[in-house]
Every structure is written in C-alpha cells, then in structure tokens.
Amino acid sequence: MKNNVNILGINFLNKGFNEVVDLLTERITKGIKTFVVTANPEIVMYAREAVDYREIVQKADYVVPDGSGIILAAKILNTPIQERVAGYDLTVRLLELADQNGWRIYLLGGKEETNKKAVSNICNQYPHLVMAGSHNGYFKGKEDKIANEIKAANADIVFVALGFPRQEKWISAHYAAFSKGIFMGVGGSIDVLAGEVKRAPVVWQKLNLEWFYRLVKQPSRWRRMLALPRFLVEILKMKK
C-alpha cells in the first residue's frame, strides 16, 4: 500500500489513525520539528486555486485526511486511503498523550474568551500536561513577538487555531524560527475544546455526515460547503 496518496495535487499520508499518532509521538520524543496539515476537501480546493497556499501545504511534513470526502475521493480514484484522521480526534489524542508524558502545549488562536475557556478545560481534563502558554488569534502587527513567545515556551506541541489558510500560512512563515515541536492547524477544534460548539454525535460521524451536522448547527457555513460538490466534480473528471 502506498505511503502517500495524491488527491488533486496534495499528497495525503496513507496511514491509520494510530499509526499517525505513533509517528508524531516518536517525533516529539526525538525533538524532531514537524508541520502537520489536517486537510479536507475545502482545503484541497482552496489549495488548487491559491498557488501560494498550495506550496505551503505541499511542503508540510504530513498532510492527513480530515474529511470523509477525501476518503471517498481516494476510493473513486482507486488509490484508497486507510482511514480518516480527523483533526479534532488527533488533537484530543495528542492532549491525552501530553497528559501521560508531561508534554508542553501552546494554544494559539480563537477569540480571547474562547482561548481562555479552551485552556481552562484542557488544564482541568489533562492536569498532568504543561500548558506552556496561549494567545488569542488577534495579534496583527505582533507576528514576530508571538513567534518569540512560543519559542521561549519551549512547547512540544503548538496547536494553531487561526482557521485556514491563515493558520498554515502562519506556521510556514515562522517555522524556521523553531528547533522543535509539532505544529498543527486545528481550526474550529478550539471552539469544541472551549465547549462553545458541540461535536457531531458518533452516529453522524459513522455515517460520514459530520459536515451536514455542522451545517445544520451553523447555517452560516453554507457558502464554505459549496467546495464539496466542486471537489467531487473535479475527482470525477480525473476518473474519466
């Protein structure tokens, strides 16, 4: 089985969820700096149209399939991917491991109140990890200052919740300044961690309808969801 599967110009890591976790754990333990992108069809379509963003994603150490649409596309193209690696699930598993190993965490992004709630909930639920620092997502003009703060925090994992494409662009722009750490864009996961948004029930997840649940709960996302049919059209064109 291929280690990577190409979907519309983006190479996805073709490993199971636990394999991805083991891979990242090993890199944290060895102090190997790592840039992870959790990509869904919306991100793939944006990368297809924005050359600068596509180059950033292509340079990431790992791009994992965060979205049932990616898994479906891989099947249609006869290059199956083992399983979905949801960004939220990966975030939670890394927090669990941080709790077990005393890893240092930095949370960047969200509104001030959202960031504080997420930090509080994380610290309550995972008391043995080290919350090395946090900052909201509003720091225009202080980009380098924030990067220096994170570097000084000596974090093992930096969760960047600025929403795409900003979070990946921020990581890419400052990546060279760091010598260690997992850097992962986690988007709306911060809202779930803060308790402001509920994740789709397991039954919706198993039916691959998590995207629909989010649309029902957040109708303002409808414009973003238009990327899904466009994505499938492009995949079907490739199949011909």
# chains A, B, ... in the order shown; residues from 1 in each chain; ligands from 1

call {"tool": "residues_around", "arguments": {"residues": "Ile182 of chain A", "least_positions_apart": "4", "cutoff": "7 Å", "atoms": "only C-alpha atoms", "output": "list in words"}}
result
Ile28, Lys33, Thr34, Phe35, Asp156, Ile157 and Val158 of chain A

call {"tool": "residues_around", "arguments": {"residues": "segment 125-132 of chain A", "least_positions_apart": "5", "cutoff": "6 Å", "atoms": "only C-alpha atoms", "output": "PDB file with all heavy atoms, in the first residue's frame"}}
result
ATOM      1  N   ALA A  98      -0.037  13.984  25.960  1.00  0.00           N
ATOM      2  CA  ALA A  98       0.670  15.068  26.656  1.00  0.00           C
ATOM      3  C   ALA A  98       0.448  14.947  28.154  1.00  0.00           C
ATOM      4  O   ALA A  98       1.353  15.187  28.968  1.00  0.00           O
ATOM      5  CB  ALA A  98       0.180  16.424  26.150  1.00  0.00           C
ATOM      6  N   ASP A  99      -0.772  14.562  28.521  1.00  0.00           N
ATOM      7  CA  ASP A  99      -1.117  14.365  29.932  1.00  0.00           C
ATOM      8  C   ASP A  99      -0.312  13.211  30.537  1.00  0.00           C
ATOM      9  O   ASP A  99       0.154  13.284  31.673  1.00  0.00           O
ATOM     10  CB  ASP A  99      -2.621  14.076  30.040  1.00  0.00           C
ATOM     11  CG  ASP A  99      -3.128  14.121  31.474  1.00  0.00           C
ATOM     12  OD1 ASP A  99      -2.832  15.100  32.174  1.00  0.00           O
ATOM     13  OD2 ASP A  99      -3.804  13.168  31.888  1.00  0.00           O
ATOM     14  N   GLY A 102       3.663  14.515  30.259  1.00  0.00           N
ATOM     15  CA  GLY A 102       4.076  15.829  30.742  1.00  0.00           C
ATOM     16  C   GLY A 102       4.589  16.747  29.648  1.00  0.00           C
ATOM     17  O   GLY A 102       5.443  17.600  29.884  1.00  0.00           O
ATOM     18  N   TRP A 103       4.044  16.569  28.433  1.00  0.00           N
ATOM     19  CA  TRP A 103       4.471  17.417  27.321  1.00  0.00           C
ATOM     20  C   TRP A 103       3.988  18.849  27.506  1.00  0.00           C
ATOM     21  O   TRP A 103       2.990  19.113  28.184  1.00  0.00           O
ATOM     22  CB  TRP A 103       3.927  16.879  25.999  1.00  0.00           C
ATOM     23  CG  TRP A 103       4.551  15.586  25.562  1.00  0.00           C
ATOM     24  CD1 TRP A 103       5.738  15.057  25.977  1.00  0.00           C
ATOM     25  CD2 TRP A 103       3.991  14.652  24.640  1.00  0.00           C
ATOM     26  NE1 TRP A 103       5.967  13.848  25.364  1.00  0.00           N
ATOM     27  CE2 TRP A 103       4.910  13.571  24.532  1.00  0.00           C
ATOM     28  CE3 TRP A 103       2.819  14.606  23.885  1.00  0.00           C
ATOM     29  CZ2 TRP A 103       4.682  12.481  23.707  1.00  0.00           C
ATOM     30  CZ3 TRP A 103       2.586  13.519  23.059  1.00  0.00           C
ATOM     31  CH2 TRP A 103       3.513  12.469  22.976  1.00  0.00           C
ATOM     32  N   ARG A 104       4.678  19.744  26.854  1.00  0.00           N
ATOM     33  CA  ARG A 104       4.363  21.171  26.925  1.00  0.00           C
ATOM     34  C   ARG A 104       3.502  21.580  25.727  1.00  0.00           C
ATOM     35  O   ARG A 104       3.845  21.298  24.577  1.00  0.00           O
ATOM     36  CB  ARG A 104       5.663  22.002  26.949  1.00  0.00           C
ATOM     37  CG  ARG A 104       6.563  21.674  28.144  1.00  0.00           C
ATOM     38  CD  ARG A 104       7.892  22.404  28.077  1.00  0.00           C
ATOM     39  NE  ARG A 104       7.726  23.856  28.162  1.00  0.00           N
ATOM     40  CZ  ARG A 104       7.568  24.528  29.288  1.00  0.00           C
ATOM     41  NH1 ARG A 104       7.559  23.880  30.451  1.00  0.00           N
ATOM     42  NH2 ARG A 104       7.436  25.841  29.286  1.00  0.00           N
ATOM     43  N   ILE A 105       2.382  22.253  26.016  1.00  0.00           N
ATOM     44  CA  ILE A 105       1.398  22.623  24.994  1.00  0.00           C
ATOM     45  C   ILE A 105       1.275  24.146  24.897  1.00  0.00           C
ATOM     46  O   ILE A 105       1.271  24.843  25.914  1.00  0.00           O
ATOM     47  CB  ILE A 105       0.006  22.048  25.344  1.00  0.00           C
ATOM     48  CG1 ILE A 105       0.061  20.528  25.523  1.00  0.00           C
ATOM     49  CG2 ILE A 105      -1.028  22.446  24.301  1.00  0.00           C
ATOM     50  CD1 ILE A 105       0.391  19.755  24.287  1.00  0.00           C
ATOM     51  N   TYR A 106       1.150  24.635  23.664  1.00  0.00           N
ATOM     52  CA  TYR A 106       0.849  26.059  23.451  1.00  0.00           C
ATOM     53  C   TYR A 106      -0.386  26.114  22.551  1.00  0.00           C
ATOM     54  O   TYR A 106      -0.466  25.417  21.535  1.00  0.00           O
ATOM     55  CB  TYR A 106       2.021  26.778  22.784  1.00  0.00           C
ATOM     56  CG  TYR A 106       1.892  28.297  22.835  1.00  0.00           C
ATOM     57  CD1 TYR A 106       2.626  29.046  23.736  1.00  0.00           C
ATOM     58  CD2 TYR A 106       1.008  28.979  21.980  1.00  0.00           C
ATOM     59  CE1 TYR A 106       2.495  30.429  23.805  1.00  0.00           C
ATOM     60  CE2 TYR A 106       0.863  30.358  22.046  1.00  0.00           C
ATOM     61  CZ  TYR A 106       1.623  31.076  22.955  1.00  0.00           C
ATOM     62  OH  TYR A 106       1.484  32.455  23.018  1.00  0.00           O
ATOM     63  N   ALA A 153       8.532  29.431  25.106  1.00  0.00           N
ATOM     64  CA  ALA A 153       7.707  28.479  25.866  1.00  0.00           C
ATOM     65  C   ALA A 153       8.220  27.046  25.715  1.00  0.00           C
ATOM     66  O   ALA A 153       7.833  26.168  26.485  1.00  0.00           O
ATOM     67  CB  ALA A 153       6.260  28.556  25.397  1.00  0.00           C
TER      68      ALA A 153
END

call {"tool": "closest_residue", "arguments": {"among": "A:Gly69, A:Pro229, A:Gly16, A:Gly133", "to": "Ser120 of chain A", "atoms": "only C-alpha atoms"}}
result
A:Gly133

call {"tool": "select_by_dssp", "arguments": {"residues": "segment 86-150 of chain A", "states": "helix (DSSP H, G or I)", "output": "mmCIF file with N, CA and C atoms, in the first residue's frame"}}
result
data_model
loop_
_atom_site.group_PDB
_atom_site.id
_atom_site.type_symbol
_atom_site.label_atom_id
_atom_site.label_comp_id
_atom_site.auth_asym_id
_atom_site.auth_seq_id
_atom_site.Cartn_x
_atom_site.Cartn_y
_atom_site.Cartn_z
ATOM 1 N N GLY A 87 -8.982 15.918 12.459
ATOM 2 C CA GLY A 87 -8.140 16.856 13.195
ATOM 3 C C GLY A 87 -8.498 16.945 14.666
ATOM 4 N N TYR A 88 -9.800 16.939 14.961
ATOM 5 C CA TYR A 88 -10.216 17.035 16.364
ATOM 6 C C TYR A 88 -9.790 15.791 17.131
ATOM 7 N N ASP A 89 -9.995 14.611 16.539
ATOM 8 C CA ASP A 89 -9.607 13.360 17.197
ATOM 9 C C ASP A 89 -8.100 13.326 17.444
ATOM 10 N N LEU A 90 -7.342 13.801 16.469
ATOM 11 C CA LEU A 90 -5.882 13.823 16.606
ATOM 12 C C LEU A 90 -5.466 14.789 17.711
ATOM 13 N N THR A 91 -6.144 15.921 17.776
ATOM 14 C CA THR A 91 -5.867 16.911 18.825
ATOM 15 C C THR A 91 -6.104 16.313 20.211
ATOM 16 N N VAL A 92 -7.254 15.663 20.373
ATOM 17 C CA VAL A 92 -7.603 15.064 21.673
ATOM 18 C C VAL A 92 -6.618 13.962 22.050
ATOM 19 N N ARG A 93 -6.242 13.132 21.070
ATOM 20 C CA ARG A 93 -5.297 12.047 21.380
ATOM 21 C C ARG A 93 -3.936 12.609 21.785
ATOM 22 N N LEU A 94 -3.504 13.665 21.139
ATOM 23 C CA LEU A 94 -2.222 14.281 21.494
ATOM 24 C C LEU A 94 -2.291 14.918 22.882
ATOM 25 N N LEU A 95 -3.449 15.462 23.237
ATOM 26 C CA LEU A 95 -3.625 16.018 24.586
ATOM 27 C C LEU A 95 -3.573 14.907 25.633
ATOM 28 N N GLU A 96 -4.174 13.762 25.315
ATOM 29 C CA GLU A 96 -4.127 12.616 26.233
ATOM 30 C C GLU A 96 -2.686 12.163 26.455
ATOM 31 N N LEU A 97 -1.925 12.092 25.366
ATOM 32 C CA LEU A 97 -0.530 11.673 25.468
ATOM 33 C C LEU A 97 0.319 12.723 26.174
ATOM 34 N N ALA A 98 -0.037 13.984 25.960
ATOM 35 C CA ALA A 98 0.670 15.068 26.656
ATOM 36 C C ALA A 98 0.448 14.947 28.154
ATOM 37 N N ASP A 99 -0.772 14.562 28.521
ATOM 38 C CA ASP A 99 -1.117 14.365 29.932
ATOM 39 C C ASP A 99 -0.312 13.211 30.537
ATOM 40 N N GLN A 100 -0.123 12.165 29.758
ATOM 41 C CA GLN A 100 0.627 10.992 30.228
ATOM 42 C C GLN A 100 2.130 11.256 30.317
ATOM 43 N N ASN A 101 2.613 12.120 29.412
ATOM 44 C CA ASN A 101 4.062 12.319 29.294
ATOM 45 C C ASN A 101 4.581 13.667 29.788
ATOM 46 N N GLU A 112 -10.414 35.864 22.538
ATOM 47 C CA GLU A 112 -9.796 35.847 23.859
ATOM 48 C C GLU A 112 -10.568 34.944 24.828
ATOM 49 N N GLU A 113 -11.887 35.107 24.861
ATOM 50 C CA GLU A 113 -12.710 34.312 25.779
ATOM 51 C C GLU A 113 -12.684 32.830 25.406
ATOM 52 N N THR A 114 -12.741 32.553 24.106
ATOM 53 C CA THR A 114 -12.707 31.163 23.629
ATOM 54 C C THR A 114 -11.385 30.509 23.987
ATOM 55 N N ASN A 115 -10.299 31.231 23.783
ATOM 56 C CA ASN A 115 -8.966 30.707 24.087
ATOM 57 C C ASN A 115 -8.852 30.381 25.584
ATOM 58 N N LYS A 116 -9.337 31.316 26.418
ATOM 59 C CA LYS A 116 -9.268 31.114 27.875
ATOM 60 C C LYS A 116 -10.084 29.899 28.315
ATOM 61 N N LYS A 117 -11.284 29.761 27.746
ATOM 62 C CA LYS A 117 -12.143 28.613 28.088
ATOM 63 C C LYS A 117 -11.476 27.306 27.675
ATOM 64 N N ALA A 118 -10.905 27.294 26.463
ATOM 65 C CA ALA A 118 -10.243 26.088 25.962
ATOM 66 C C ALA A 118 -9.062 25.717 26.847
ATOM 67 N N VAL A 119 -8.259 26.706 27.205
ATOM 68 C CA VAL A 119 -7.104 26.466 28.089
ATOM 69 C C VAL A 119 -7.566 25.916 29.426
ATOM 70 N N SER A 120 -8.605 26.511 29.993
ATOM 71 C CA SER A 120 -9.136 26.069 31.289
ATOM 72 C C SER A 120 -9.637 24.626 31.224
ATOM 73 N N ASN A 121 -10.395 24.319 30.164
ATOM 74 C CA ASN A 121 -10.937 22.964 30.008
ATOM 75 C C ASN A 121 -9.828 21.935 29.813
ATOM 76 N N ILE A 122 -8.826 22.310 29.013
ATOM 77 C CA ILE A 122 -7.693 21.402 28.769
ATOM 78 C C ILE A 122 -6.962 21.119 30.078
ATOM 79 N N CYS A 123 -6.698 22.171 30.828
ATOM 80 C CA CYS A 123 -5.963 22.007 32.096
ATOM 81 C C CYS A 123 -6.741 21.191 33.120
ATOM 82 N N ASN A 124 -8.071 21.340 33.109
ATOM 83 C CA ASN A 124 -8.912 20.571 34.038
ATOM 84 C C ASN A 124 -8.976 19.098 33.654
ATOM 85 N N GLN A 125 -9.061 18.864 32.356
ATOM 86 C CA GLN A 125 -9.216 17.487 31.870
ATOM 87 C C GLN A 125 -7.884 16.732 31.793
ATOM 88 N N GLU A 143 3.324 39.626 14.912
ATOM 89 C CA GLU A 143 3.619 38.266 14.445
ATOM 90 C C GLU A 143 4.909 37.712 15.039
ATOM 91 N N ASP A 144 5.979 38.488 14.935
ATOM 92 C CA ASP A 144 7.281 38.022 15.422
ATOM 93 C C ASP A 144 7.301 37.899 16.941
ATOM 94 N N LYS A 145 6.595 38.807 17.608
ATOM 95 C CA LYS A 145 6.526 38.779 19.078
ATOM 96 C C LYS A 145 5.869 37.473 19.544
ATOM 97 N N ILE A 146 4.797 37.101 18.871
ATOM 98 C CA ILE A 146 4.097 35.856 19.223
ATOM 99 C C ILE A 146 5.002 34.655 18.968
ATOM 100 N N ALA A 147 5.680 34.662 17.827
ATOM 101 C CA ALA A 147 6.593 33.559 17.494
ATOM 102 C C ALA A 147 7.690 33.431 18.550
ATOM 103 N N ASN A 148 8.205 34.565 19.009
ATOM 104 C CA ASN A 148 9.256 34.554 20.038
ATOM 105 C C ASN A 148 8.725 34.017 21.367
ATOM 106 N N GLU A 149 7.482 34.374 21.691
ATOM 107 C CA GLU A 149 6.860 33.881 22.932
ATOM 108 C C GLU A 149 6.709 32.359 22.891
ATOM 109 N N ILE A 150 6.293 31.854 21.731
ATOM 110 C CA ILE A 150 6.109 30.407 21.581
ATOM 111 C C ILE A 150 7.458 29.692 21.654
#

call {"tool": "residues_around", "arguments": {"residues": "Gly9 of chain A", "least_positions_apart": "3", "cutoff": "9 Å", "atoms": "only C-alpha atoms", "output": "PyMOL selection string"}}
result
chain A and resi 6+44+47-48+54+58

call {"tool": "residues_around", "arguments": {"residues": "segment 74-78 of chain A", "least_positions_apart": "6", "cutoff": "9 Å", "atoms": "only C-alpha atoms", "output": "list in words"}}
result
Val5, Asn6, Ile7, Ile235, Leu236, Met238 and Lys239 of chain A

call {"tool": "select_by_dssp", "arguments": {"residues": "segment 66-234 of chain A", "states": "strand (DSSP E)", "output": "NGL selection string"}}
result
:A and (104-109 or 130-135 or 157-161 or 182-185)

call {"tool": "closest_atom_pairs", "arguments": {"of": "segment 35-75 of chain A", "to": "segment 79-86 of chain A", "cutoff": "9 Å", "atoms": "only C-alpha atoms", "output": "JSON lines"}}
result
{"residue": "A:Thr38", "atom": "CA", "partner": "A:Ala86", "partner_atom": "CA", "distance": 7.3}
{"residue": "A:Ala39", "atom": "CA", "partner": "A:Ala86", "partner_atom": "CA", "distance": 9.0}
{"residue": "A:Val64", "atom": "CA", "partner": "A:Val85", "partner_atom": "CA", "distance": 6.1}
{"residue": "A:Pro65", "atom": "CA", "partner": "A:Arg84", "partner_atom": "CA", "distance": 5.4}
{"residue": "A:Asp66", "atom": "CA", "partner": "A:Ala86", "partner_atom": "CA", "distance": 4.5}
{"residue": "A:Gly67", "atom": "CA", "partner": "A:Arg84", "partner_atom": "CA", "distance": 6.4}
{"residue": "A:Ser68", "atom": "CA", "partner": "A:Arg84", "partner_atom": "CA", "distance": 6.5}
{"residue": "A:Ile70", "atom": "CA", "partner": "A:Arg84", "partner_atom": "CA", "distance": 8.0}
{"residue": "A:Ile71", "atom": "CA", "partner": "A:Ile81", "partner_atom": "CA", "distance": 6.0}
{"residue": "A:Leu72", "atom": "CA", "partner": "A:Pro80", "partner_atom": "CA", "distance": 8.3}
{"residue": "A:Ala73", "atom": "CA", "partner": "A:Pro80", "partner_atom": "CA", "distance": 8.3}
{"residue": "A:Ala74", "atom": "CA", "partner": "A:Pro80", "partner_atom": "CA", "distance": 4.8}
{"residue": "A:Lys75", "atom": "CA", "partner": "A:Pro80", "partner_atom": "CA", "distance": 4.8}

call {"tool": "atom_distance", "arguments": {"atom1": "atom CA of Lys30 of chain A", "atom2": "atom CA of Ser134 of chain A"}}
result
23.8 Å

call {"tool": "atom_distance", "arguments": {"atom1": "atom CA of Ala50 of chain A", "atom2": "atom CA of Gly188 of chain A"}}
result
21.4 Å

call {"tool": "residues_around", "arguments": {"residues": "Val36 of chain A", "least_positions_apart": "4", "cutoff": "10 Å", "atoms": "only C-alpha atoms", "output": "list in words"}}
result
Leu24, Val57, Lys59, Ala60, Asp61, Tyr62, Val63, Val64, Gly87, Glu168, Ile171, Ile182, Phe183, Met184, Gly185 and Val186 of chain A
